[in-house]
$ cat entry-v9.cif   # mmCIF, C-alpha atoms (C1' of nucleotides)
data_work
loop_
_atom_site.group_PDB
_atom_site.id
_atom_site.type_symbol
_atom_site.label_atom_id
_atom_site.label_comp_id
_atom_site.auth_asym_id
_atom_site.auth_seq_id
_atom_site.Cartn_x
_atom_site.Cartn_y
_atom_site.Cartn_z
ATOM 1 C CA MET A 1 -44.035 -23.045 -20.100
ATOM 2 C CA ASN A 2 -43.341 -24.663 -16.766
ATOM 3 C CA ALA A 3 -46.526 -23.617 -15.094
ATOM 4 C CA THR A 4 -46.564 -26.659 -12.940
ATOM 5 C CA LYS A 5 -43.171 -27.234 -11.402
ATOM 6 C CA ARG A 6 -41.154 -25.292 -8.860
ATOM 7 C CA LYS A 7 -43.637 -23.971 -6.409
ATOM 8 C CA ARG A 8 -41.118 -24.611 -3.717
ATOM 9 C CA LEU A 9 -40.128 -20.995 -3.385
ATOM 10 C CA LYS A 10 -40.854 -20.082 0.183
ATOM 11 C CA ALA A 11 -41.756 -16.484 -0.571
ATOM 12 C CA LYS A 12 -39.954 -15.419 2.514
ATOM 13 C CA GLY A 13 -38.844 -11.941 3.338
ATOM 14 C CA TRP A 14 -39.990 -10.068 0.258
ATOM 15 C CA ARG A 15 -43.443 -9.210 1.458
ATOM 16 C CA PHE A 16 -44.052 -6.619 -1.203
ATOM 17 C CA GLY A 17 -41.208 -6.314 -3.655
ATOM 18 C CA ASP A 18 -41.342 -8.102 -6.922
ATOM 19 C CA ALA A 19 -40.454 -11.737 -7.018
ATOM 20 C CA LYS A 20 -39.037 -11.794 -10.454
ATOM 21 C CA GLU A 21 -35.594 -10.379 -9.938
ATOM 22 C CA LEU A 22 -34.578 -12.205 -6.778
ATOM 23 C CA LEU A 23 -34.821 -15.646 -8.219
ATOM 24 C CA GLY A 24 -34.988 -16.639 -11.829
ATOM 25 C CA LEU A 25 -38.731 -16.625 -11.966
ATOM 26 C CA SER A 26 -40.724 -16.821 -15.130
ATOM 27 C CA ASP A 27 -43.656 -14.533 -15.701
ATOM 28 C CA GLU A 28 -46.236 -17.058 -14.625
ATOM 29 C CA GLU A 29 -44.255 -18.036 -11.616
ATOM 30 C CA SER A 30 -43.987 -14.515 -10.350
ATOM 31 C CA LYS A 31 -47.660 -13.902 -11.042
ATOM 32 C CA TYR A 32 -48.431 -17.053 -9.127
ATOM 33 C CA VAL A 33 -46.354 -16.033 -6.148
ATOM 34 C CA GLU A 34 -47.706 -12.510 -6.073
ATOM 35 C CA LEU A 35 -51.210 -13.857 -6.224
ATOM 36 C CA LYS A 36 -50.497 -16.123 -3.333
ATOM 37 C CA MET A 37 -49.062 -13.298 -1.286
ATOM 38 C CA ARG A 38 -52.092 -11.166 -1.945
ATOM 39 C CA LEU A 39 -54.391 -13.918 -0.765
ATOM 40 C CA ALA A 40 -52.220 -14.499 2.288
ATOM 41 C CA GLU A 41 -52.338 -10.869 3.191
ATOM 42 C CA SER A 42 -56.099 -10.714 2.791
ATOM 43 C CA LEU A 43 -56.528 -13.715 4.990
ATOM 44 C CA ARG A 44 -54.589 -12.076 7.771
ATOM 45 C CA LYS A 45 -56.545 -8.868 7.388
ATOM 46 C CA LYS A 46 -59.824 -10.687 7.556
ATOM 47 C CA ARG A 47 -58.724 -12.603 10.616
ATOM 48 C CA LEU A 48 -57.600 -9.491 12.437
ATOM 49 C CA LYS A 49 -60.747 -7.657 11.527
ATOM 50 C CA ARG A 50 -62.645 -10.381 13.295
ATOM 51 C CA ARG A 51 -60.218 -10.212 16.199
ATOM 52 C CA LEU A 52 -59.347 -13.852 15.994
ATOM 53 C CA GLY A 53 -56.046 -15.483 16.881
ATOM 54 C CA GLN A 54 -54.483 -17.942 14.521
ATOM 55 C CA THR A 55 -55.508 -20.755 16.808
ATOM 56 C CA GLU A 56 -59.134 -19.674 16.759
ATOM 57 C CA LEU A 57 -59.168 -19.308 13.009
ATOM 58 C CA ALA A 58 -57.565 -22.721 12.734
ATOM 59 C CA LYS A 59 -60.404 -24.231 14.712
ATOM 60 C CA LEU A 60 -62.928 -22.439 12.574
ATOM 61 C CA ILE A 61 -61.580 -23.852 9.343
ATOM 62 C CA GLU A 62 -60.600 -27.205 10.812
ATOM 63 C CA SER A 63 -56.908 -26.746 10.502
ATOM 64 C CA SER A 64 -54.024 -26.003 12.834
ATOM 65 C CA GLN A 65 -52.337 -22.868 14.100
ATOM 66 C CA SER A 66 -49.137 -23.727 12.306
ATOM 67 C CA ARG A 67 -50.872 -24.096 8.996
ATOM 68 C CA VAL A 68 -52.602 -20.762 9.449
ATOM 69 C CA ALA A 69 -49.243 -19.174 10.175
ATOM 70 C CA LYS A 70 -47.883 -20.709 7.003
ATOM 71 C CA MET A 71 -50.847 -19.560 4.990
ATOM 72 C CA GLU A 72 -50.354 -16.013 6.156
ATOM 73 C CA ALA A 73 -46.668 -16.252 5.350
ATOM 74 C CA ALA A 74 -47.464 -17.506 1.837
ATOM 75 C CA ASP A 75 -45.250 -20.461 2.608
ATOM 76 C CA GLY A 76 -44.282 -22.734 -0.246
ATOM 77 C CA SER A 77 -46.111 -25.636 1.310
ATOM 78 C CA VAL A 78 -49.432 -23.820 1.055
ATOM 79 C CA SER A 79 -51.582 -23.974 -2.035
ATOM 80 C CA ILE A 80 -53.723 -21.214 -3.456
ATOM 81 C CA ASP A 81 -56.476 -23.718 -3.150
ATOM 82 C CA LEU A 82 -56.227 -23.752 0.630
ATOM 83 C CA LEU A 83 -56.025 -19.987 0.828
ATOM 84 C CA ILE A 84 -59.182 -19.633 -1.207
ATOM 85 C CA ARG A 85 -61.051 -22.198 0.832
ATOM 86 C CA SER A 86 -60.048 -20.406 3.994
ATOM 87 C CA LEU A 87 -61.156 -17.045 2.685
ATOM 88 C CA LEU A 88 -64.466 -18.540 1.663
ATOM 89 C CA ALA A 89 -64.810 -20.013 5.136
ATOM 90 C CA LEU A 90 -64.277 -16.533 6.502
ATOM 91 C CA GLY A 91 -67.245 -15.420 4.477
ATOM 92 C CA ALA A 92 -65.573 -13.896 1.449
ATOM 93 C CA SER A 93 -67.854 -13.694 -1.561
ATOM 94 C CA ASN A 94 -66.672 -14.570 -5.027
ATOM 95 C CA PRO A 95 -66.725 -10.938 -6.104
ATOM 96 C CA GLU A 96 -64.632 -10.081 -3.097
ATOM 97 C CA LEU A 97 -62.176 -12.828 -3.988
ATOM 98 C CA GLY A 98 -62.099 -11.458 -7.475
ATOM 99 C CA ARG A 99 -61.160 -8.037 -6.216
ATOM 100 C CA ILE A 100 -58.400 -9.471 -4.083
ATOM 101 C CA ILE A 101 -56.977 -11.391 -6.984
ATOM 102 C CA ALA A 102 -57.316 -8.623 -9.518
ATOM 103 C CA ARG A 103 -55.344 -6.042 -7.609
ATOM 104 C CA THR A 104 -51.838 -5.670 -8.931
ATOM 105 C CA HIS A 105 -50.516 -5.840 -5.447
ATOM 106 C CA ARG A 106 -50.114 -4.322 -2.021
ATOM 107 C CA GLY A 107 -53.780 -5.217 -1.231
ATOM 108 C CA MET B 1 -66.864 -24.596 8.870
ATOM 109 C CA ASN B 2 -65.547 -27.608 7.044
ATOM 110 C CA ALA B 3 -63.679 -25.589 4.486
ATOM 111 C CA THR B 4 -61.141 -28.278 4.017
ATOM 112 C CA LYS B 5 -62.751 -31.657 3.575
ATOM 113 C CA ARG B 6 -65.038 -33.096 0.932
ATOM 114 C CA LYS B 7 -63.758 -31.777 -2.311
ATOM 115 C CA ARG B 8 -64.531 -35.135 -3.807
ATOM 116 C CA LEU B 9 -67.586 -33.920 -5.627
ATOM 117 C CA LYS B 10 -66.927 -34.579 -9.252
ATOM 118 C CA ALA B 11 -68.942 -31.632 -10.457
ATOM 119 C CA LYS B 12 -70.309 -33.726 -13.221
ATOM 120 C CA GLY B 13 -73.349 -32.957 -15.269
ATOM 121 C CA TRP B 14 -74.404 -29.640 -13.789
ATOM 122 C CA ARG B 15 -72.367 -27.394 -15.989
ATOM 123 C CA PHE B 16 -74.178 -24.247 -14.971
ATOM 124 C CA GLY B 17 -76.918 -24.805 -12.461
ATOM 125 C CA ASP B 18 -76.332 -24.223 -8.825
ATOM 126 C CA ALA B 19 -74.489 -26.828 -6.880
ATOM 127 C CA LYS B 20 -76.127 -26.258 -3.572
ATOM 128 C CA GLU B 21 -79.410 -28.049 -3.965
ATOM 129 C CA LEU B 22 -78.249 -31.214 -5.677
ATOM 130 C CA LEU B 23 -76.012 -32.338 -2.889
ATOM 131 C CA GLY B 24 -75.934 -31.122 0.663
ATOM 132 C CA LEU B 25 -73.367 -28.468 0.043
ATOM 133 C CA SER B 26 -72.486 -25.765 2.492
ATOM 134 C CA ASP B 27 -72.151 -22.197 1.358
ATOM 135 C CA GLU B 28 -68.399 -22.307 1.038
ATOM 136 C CA GLU B 29 -68.491 -25.598 -0.723
ATOM 137 C CA SER B 30 -70.857 -24.400 -3.365
ATOM 138 C CA LYS B 31 -68.876 -21.207 -3.793
ATOM 139 C CA TYR B 32 -65.778 -23.294 -4.182
ATOM 140 C CA VAL B 33 -67.322 -25.533 -6.800
ATOM 141 C CA GLU B 34 -68.810 -22.676 -8.761
ATOM 142 C CA LEU B 35 -65.483 -20.943 -8.730
ATOM 143 C CA LYS B 36 -63.824 -24.032 -10.063
ATOM 144 C CA MET B 37 -66.355 -24.377 -12.835
ATOM 145 C CA ARG B 38 -65.858 -20.786 -13.846
ATOM 146 C CA LEU B 39 -62.122 -21.268 -14.054
ATOM 147 C CA ALA B 40 -62.585 -24.498 -16.004
ATOM 148 C CA GLU B 41 -64.808 -22.789 -18.481
ATOM 149 C CA SER B 42 -62.396 -19.924 -18.929
ATOM 150 C CA LEU B 43 -59.557 -22.293 -19.528
ATOM 151 C CA ARG B 44 -61.439 -23.981 -22.329
ATOM 152 C CA LYS B 45 -62.376 -20.660 -23.861
ATOM 153 C CA LYS B 46 -58.813 -19.460 -23.779
ATOM 154 C CA ARG B 47 -57.577 -22.683 -25.308
ATOM 155 C CA LEU B 48 -60.084 -22.560 -28.126
ATOM 156 C CA LYS B 49 -59.391 -18.934 -28.782
ATOM 157 C CA ARG B 50 -55.814 -19.912 -29.397
ATOM 158 C CA ARG B 51 -56.949 -22.821 -31.523
ATOM 159 C CA LEU B 52 -55.096 -25.355 -29.489
ATOM 160 C CA GLY B 53 -56.072 -28.961 -28.885
ATOM 161 C CA GLN B 54 -55.987 -30.380 -25.411
ATOM 162 C CA THR B 55 -52.854 -32.280 -26.286
ATOM 163 C CA GLU B 56 -51.084 -29.138 -27.426
ATOM 164 C CA LEU B 57 -52.114 -27.222 -24.354
ATOM 165 C CA ALA B 58 -50.939 -30.128 -22.239
ATOM 166 C CA LYS B 59 -47.525 -29.892 -23.789
ATOM 167 C CA LEU B 60 -47.464 -26.182 -23.220
ATOM 168 C CA ILE B 61 -48.114 -26.478 -19.528
ATOM 169 C CA GLU B 62 -46.159 -29.686 -19.074
ATOM 170 C CA SER B 63 -49.124 -31.849 -18.313
ATOM 171 C CA SER B 64 -51.136 -34.465 -20.151
ATOM 172 C CA GLN B 65 -54.188 -34.448 -22.377
ATOM 173 C CA SER B 66 -56.219 -36.341 -19.831
ATOM 174 C CA ARG B 67 -55.480 -33.841 -17.124
ATOM 175 C CA VAL B 68 -56.467 -30.982 -19.392
ATOM 176 C CA ALA B 69 -59.737 -32.750 -20.118
ATOM 177 C CA LYS B 70 -60.315 -33.122 -16.401
ATOM 178 C CA MET B 71 -59.486 -29.514 -15.758
ATOM 179 C CA GLU B 72 -62.003 -28.388 -18.318
ATOM 180 C CA ALA B 73 -64.589 -30.712 -16.814
ATOM 181 C CA ALA B 74 -63.926 -29.283 -13.341
ATOM 182 C CA ASP B 75 -63.252 -32.816 -12.209
ATOM 183 C CA GLY B 76 -62.955 -33.454 -8.512
ATOM 184 C CA SER B 77 -59.355 -34.522 -8.860
ATOM 185 C CA VAL B 78 -58.364 -31.081 -10.123
ATOM 186 C CA SER B 79 -57.404 -28.272 -7.802
ATOM 187 C CA ILE B 80 -58.112 -24.594 -8.264
ATOM 188 C CA ASP B 81 -54.409 -24.203 -7.920
ATOM 189 C CA LEU B 82 -53.766 -26.132 -11.106
ATOM 190 C CA LEU B 83 -56.460 -24.265 -12.981
ATOM 191 C CA ILE B 84 -54.947 -20.955 -12.001
ATOM 192 C CA ARG B 85 -51.454 -22.019 -12.949
ATOM 193 C CA SER B 86 -52.731 -23.147 -16.317
ATOM 194 C CA LEU B 87 -54.548 -19.905 -16.939
ATOM 195 C CA LEU B 88 -51.429 -17.978 -16.022
ATOM 196 C CA ALA B 89 -49.469 -20.148 -18.431
ATOM 197 C CA LEU B 90 -51.952 -19.192 -21.104
ATOM 198 C CA GLY B 91 -51.091 -15.588 -20.443
ATOM 199 C CA ALA B 92 -53.927 -14.506 -18.200
ATOM 200 C CA SER B 93 -53.106 -11.431 -16.157
ATOM 201 C CA ASN B 94 -54.035 -11.165 -12.529
ATOM 202 C CA PRO B 95 -56.723 -8.589 -13.267
ATOM 203 C CA GLU B 96 -58.143 -10.935 -15.854
ATOM 204 C CA LEU B 97 -58.142 -13.775 -13.342
ATOM 205 C CA GLY B 98 -59.863 -11.471 -10.927
ATOM 206 C CA ARG B 99 -62.622 -10.783 -13.388
ATOM 207 C CA ILE B 100 -63.120 -14.462 -14.026
ATOM 208 C CA ILE B 101 -63.365 -15.195 -10.350
ATOM 209 C CA ALA B 102 -65.553 -12.260 -9.473
ATOM 210 C CA ARG B 103 -68.331 -13.034 -11.893
ATOM 211 C CA THR B 104 -71.255 -14.718 -10.185
ATOM 212 C CA HIS B 105 -71.369 -17.288 -12.877
ATOM 213 C CA ARG B 106 -72.039 -18.268 -16.441
ATOM 214 C CA GLY B 107 -68.850 -16.377 -17.378
ATOM 215 C "C1'" DA C 1 -36.357 -12.431 34.980
ATOM 216 C "C1'" DC C 2 -40.602 -15.105 34.660
ATOM 217 C "C1'" DA C 3 -45.177 -16.416 33.110
ATOM 218 C "C1'" DG C 4 -48.546 -16.071 29.720
ATOM 219 C "C1'" DT C 5 -50.195 -15.363 25.102
ATOM 220 C "C1'" DG C 6 -49.681 -15.295 20.265
ATOM 221 C "C1'" DT C 7 -47.025 -16.330 16.138
ATOM 222 C "C1'" DA C 8 -43.229 -18.728 13.497
ATOM 223 C "C1'" DT C 9 -40.602 -22.748 11.990
ATOM 224 C "C1'" DG C 10 -39.269 -27.681 11.279
ATOM 225 C "C1'" DT C 11 -40.737 -32.167 10.637
ATOM 226 C "C1'" DC C 12 -43.591 -36.307 9.942
ATOM 227 C "C1'" DG C 13 -47.260 -39.633 8.442
ATOM 228 C "C1'" DG C 14 -51.170 -39.780 5.908
ATOM 229 C "C1'" DA C 15 -54.328 -37.724 2.491
ATOM 230 C "C1'" DT C 16 -54.928 -35.493 -1.837
ATOM 231 C "C1'" DT C 17 -53.517 -34.253 -6.373
ATOM 232 C "C1'" DA C 18 -50.383 -34.708 -10.358
ATOM 233 C "C1'" DG C 19 -48.859 -36.675 -14.816
ATOM 234 C "C1'" DA C 20 -49.023 -40.675 -17.529
ATOM 235 C "C1'" DC C 21 -50.936 -44.433 -19.830
ATOM 236 C "C1'" DA C 22 -54.653 -47.246 -21.714
ATOM 237 C "C1'" DT C 23 -59.005 -47.217 -23.362
ATOM 238 C "C1'" DA C 24 -63.632 -45.488 -24.497
ATOM 239 C "C1'" DT C 25 -66.434 -42.090 -26.493
ATOM 240 C "C1'" DT C 26 -67.642 -38.569 -29.708
ATOM 241 C "C1'" DG C 27 -67.447 -36.048 -33.966
ATOM 242 C "C1'" DT C 28 -66.269 -35.412 -38.845
ATOM 243 C "C1'" DC C 29 -65.378 -36.584 -43.375
ATOM 244 C "C1'" DA C 30 -65.072 -39.600 -47.276
ATOM 245 C "C1'" DT D 1 -69.700 -47.698 -42.619
ATOM 246 C "C1'" DG D 2 -64.622 -47.090 -41.608
ATOM 247 C "C1'" DA D 3 -60.798 -44.253 -40.640
ATOM 248 C "C1'" DC D 4 -59.104 -40.642 -38.185
ATOM 249 C "C1'" DA D 5 -58.717 -36.764 -34.871
ATOM 250 C "C1'" DA D 6 -60.227 -34.823 -30.579
ATOM 251 C "C1'" DT D 7 -61.938 -35.352 -26.152
ATOM 252 C "C1'" DA D 8 -63.473 -38.101 -22.070
ATOM 253 C "C1'" DT D 9 -62.905 -41.557 -18.445
ATOM 254 C "C1'" DG D 10 -60.538 -44.888 -15.385
ATOM 255 C "C1'" DT D 11 -56.627 -46.217 -12.901
ATOM 256 C "C1'" DC D 12 -51.728 -46.393 -11.489
ATOM 257 C "C1'" DT D 13 -47.536 -44.455 -9.068
ATOM 258 C "C1'" DA D 14 -45.148 -40.542 -7.575
ATOM 259 C "C1'" DA D 15 -45.085 -35.920 -6.009
ATOM 260 C "C1'" DT D 16 -47.243 -32.482 -3.344
ATOM 261 C "C1'" DC D 17 -49.953 -30.716 0.307
ATOM 262 C "C1'" DC D 18 -52.345 -30.997 4.742
ATOM 263 C "C1'" DG D 19 -53.040 -31.280 9.751
ATOM 264 C "C1'" DA D 20 -50.648 -32.161 13.716
ATOM 265 C "C1'" DC D 21 -47.136 -31.944 16.994
ATOM 266 C "C1'" DA D 22 -43.037 -30.033 19.108
ATOM 267 C "C1'" DT D 23 -40.574 -26.277 19.844
ATOM 268 C "C1'" DA D 24 -38.632 -21.688 19.042
ATOM 269 C "C1'" DC D 25 -39.308 -16.840 18.927
ATOM 270 C "C1'" DA D 26 -41.606 -12.223 20.105
ATOM 271 C "C1'" DC D 27 -44.128 -9.396 22.962
ATOM 272 C "C1'" DT D 28 -46.662 -8.009 27.372
ATOM 273 C "C1'" DG D 29 -47.447 -7.345 31.951
ATOM 274 C "C1'" DT D 30 -45.703 -8.189 36.525
#
$ encode --input "entry-v9.cif" --output "structure tokens"
Amino acid sequence: MNATKRKRLKAKGWRFGDAKELLGLSDEESKYVELKMRLAESLRKKRLKRRLGQTELAKLIESSQSRVAKMEAADGSVSIDLLIRSLLALGASNPELGRIIARTHRG
Amino acid sequence: MNATKRKRLKAKGWRFGDAKELLGLSDEESKYVELKMRLAESLRKKRLKRRLGQTELAKLIESSQSRVAKMEAADGSVSIDLLIRSLLALGASNPELGRIIARTHRG
DNA sequence: ACAGTGTATGTCGGATTAGACATATTGTCA
DNA sequence: TGACAATATGTCTAATCCGACATACACTGT
């Protein structure tokens, strides 16, 4: 139902566990948050693989270190949109994105 | 490089063809736009499969008919974020989303 | 303990995106 | 053709998100 509202969740602390039980999250909400965490995790992996610091990655995608940190933390102020654009900027293909998103978690 | 800026593309007219040549789109930009179009298309398919009108779907996801129309048209004012939330609201699983995103187009 | 490097967190102003409304367009049926 | 439903398009205001900055925290090496 409420697909749109309440994205202000913060996703802090529970890096792997399920979202659903901690807060009163609906199915879509928890799927949304898990998806976001998976993307966040992949971003960090890709960055480390390239041996880049957050500041360097920030420069690469025309953003700031703090935003990169927030992306990787799946912060509530970060959209899936931004995560996807950043992954694409790091050279992820659409099939690769698909794999990341499909996985039922712990990338 | 410029992952962030210029999303104001409208994606009008070229329902399937490649984005890249029409405008001066970078690799990530065209991947982004194609991705969006694939999601848009899937949303429409899912809606029709359920025999819902845009107005009904709008109600379901707490949005408006006009926004649904724009989503399905992959309008520039629509984010991938919103498309994903809508698909989740229509019951798409993460693996299903993954498949949609992975496909190299004409889903 | 201090300096240096990298990451996290809080906040702010400005940019983008959202839902809503009005209106136009398209399609179907009588 | 006219009436009606469905979808598309344009524009507004409000909410959300983004980059930036400041600053805090964590970890090394000395």
$ closest_residue --input "entry-v9.cif" --among "A:Asp75, A:Glu41, A:Glu29, A:Glu96" --to "chain C" --atoms "only C-alpha atoms (C1' of nucleotides)"
A:Asp75
$ residues_around --input "entry-v9.cif" --residues "region 6-16 of chain D" --least-positions-apart "5" --cutoff "8 Å" --atoms "all atoms listed in the file" --output "VMD selection string"
(chain B and resid 53 to 54 66 69) or (chain C and resid 17 to 18 24 to 26)
$ closest_residue --input "entry-v9.cif" --among "B:Met71, B:Leu35, B:Ala40, B:Leu88" --to "chain D" --atoms "all atoms listed in the file"
B:Met71
$ atom_distance --input "entry-v9.cif" --atom1 "CA of Lys31 (chain A)" --atom2 "CA of Ala89 (chain B)"
9.8 Å
$ closest_residue --input "entry-v9.cif" --among "A:Glu56, A:Glu72, A:Glu34, A:Asp81" --to "chain B" --atoms "only C-alpha atoms"
A:Asp81
$ atom_distance --input "entry-v9.cif" --atom1 "CA of Lys45 (chain A)" --atom2 "CA of Arg85 (chain B)"
24.7 Å
$ closest_residue --input "entry-v9.cif" --among "D:DC17, D:DA22, D:DT30, D:DT1" --to "DG4 (chain C)" --atoms "all atoms listed in the file"
D:DT30
$ resolve_selection --input "entry-v9.cif" --expression "the PyMOL selection byres ((chain C) within 12 of (chain B))" --output "list in words"
DA15, DT16, DT17, DA18, DG19, DA20, DC21, DA22 and DT23 of chain C
$ resolve_selection --input "entry-v9.cif" --expression "the PyMOL selection byres ((chain D and resi 24) around 12)" --output "list in words"
DT7, DA8, DT9 and DG10 of chain C; DA22, DT23, DC25 and DA26 of chain D
$ write_last_selection --input "entry-v9.cif" --atoms "C-alpha atoms (C1' of nucleotides)" --output "compact mmCIF listing (two decimals), in the coordinates of the input"
# COMPACT_ATOMS: atom_id res chain seq x y z
C1' DT C 7 -47.02 -16.33 16.14
C1' DA C 8 -43.23 -18.73 13.50
C1' DT C 9 -40.60 -22.75 11.99
C1' DG C 10 -39.27 -27.68 11.28
C1' DA D 22 -43.04 -30.03 19.11
C1' DT D 23 -40.57 -26.28 19.84
C1' DC D 25 -39.31 -16.84 18.93
C1' DA D 26 -41.61 -12.22 20.10
$ atom_distance --input "entry-v9.cif" --atom1 "CA of Ala102 (chain A)" --atom2 "CA of Ser86 (chain A)"
18.1 Å
$ resolve_selection --input "entry-v9.cif" --expression "the PyMOL selection byres ((chain A) within 6 of (chain B))" --output "PDB file with C-alpha atoms, in the frame of the given file"
ATOM      1  CA  MET A   1     -44.035 -23.045 -20.100  1.00  0.00           C
ATOM      2  CA  ASN A   2     -43.341 -24.663 -16.766  1.00  0.00           C
ATOM      3  CA  ALA A   3     -46.526 -23.617 -15.094  1.00  0.00           C
ATOM      4  CA  GLU A  28     -46.236 -17.058 -14.625  1.00  0.00           C
ATOM      5  CA  LEU A  60     -62.928 -22.439  12.574  1.00  0.00           C
ATOM      6  CA  ILE A  61     -61.580 -23.852   9.343  1.00  0.00           C
ATOM      7  CA  ILE A  80     -53.723 -21.214  -3.456  1.00  0.00           C
ATOM      8  CA  ASP A  81     -56.476 -23.718  -3.150  1.00  0.00           C
ATOM      9  CA  ARG A  85     -61.051 -22.198   0.832  1.00  0.00           C
ATOM     10  CA  LEU A  88     -64.466 -18.540   1.663  1.00  0.00           C
ATOM     11  CA  ALA A  89     -64.810 -20.013   5.136  1.00  0.00           C
ATOM     12  CA  ASN A  94     -66.672 -14.570  -5.027  1.00  0.00           C
ATOM     13  CA  PRO A  95     -66.725 -10.938  -6.104  1.00  0.00           C
ATOM     14  CA  GLY A  98     -62.099 -11.458  -7.475  1.00  0.00           C
ATOM     15  CA  ARG A  99     -61.160  -8.037  -6.216  1.00  0.00           C
ATOM     16  CA  ILE A 101     -56.977 -11.391  -6.984  1.00  0.00           C
ATOM     17  CA  ALA A 102     -57.316  -8.623  -9.518  1.00  0.00           C
TER      18      ALA A 102
END
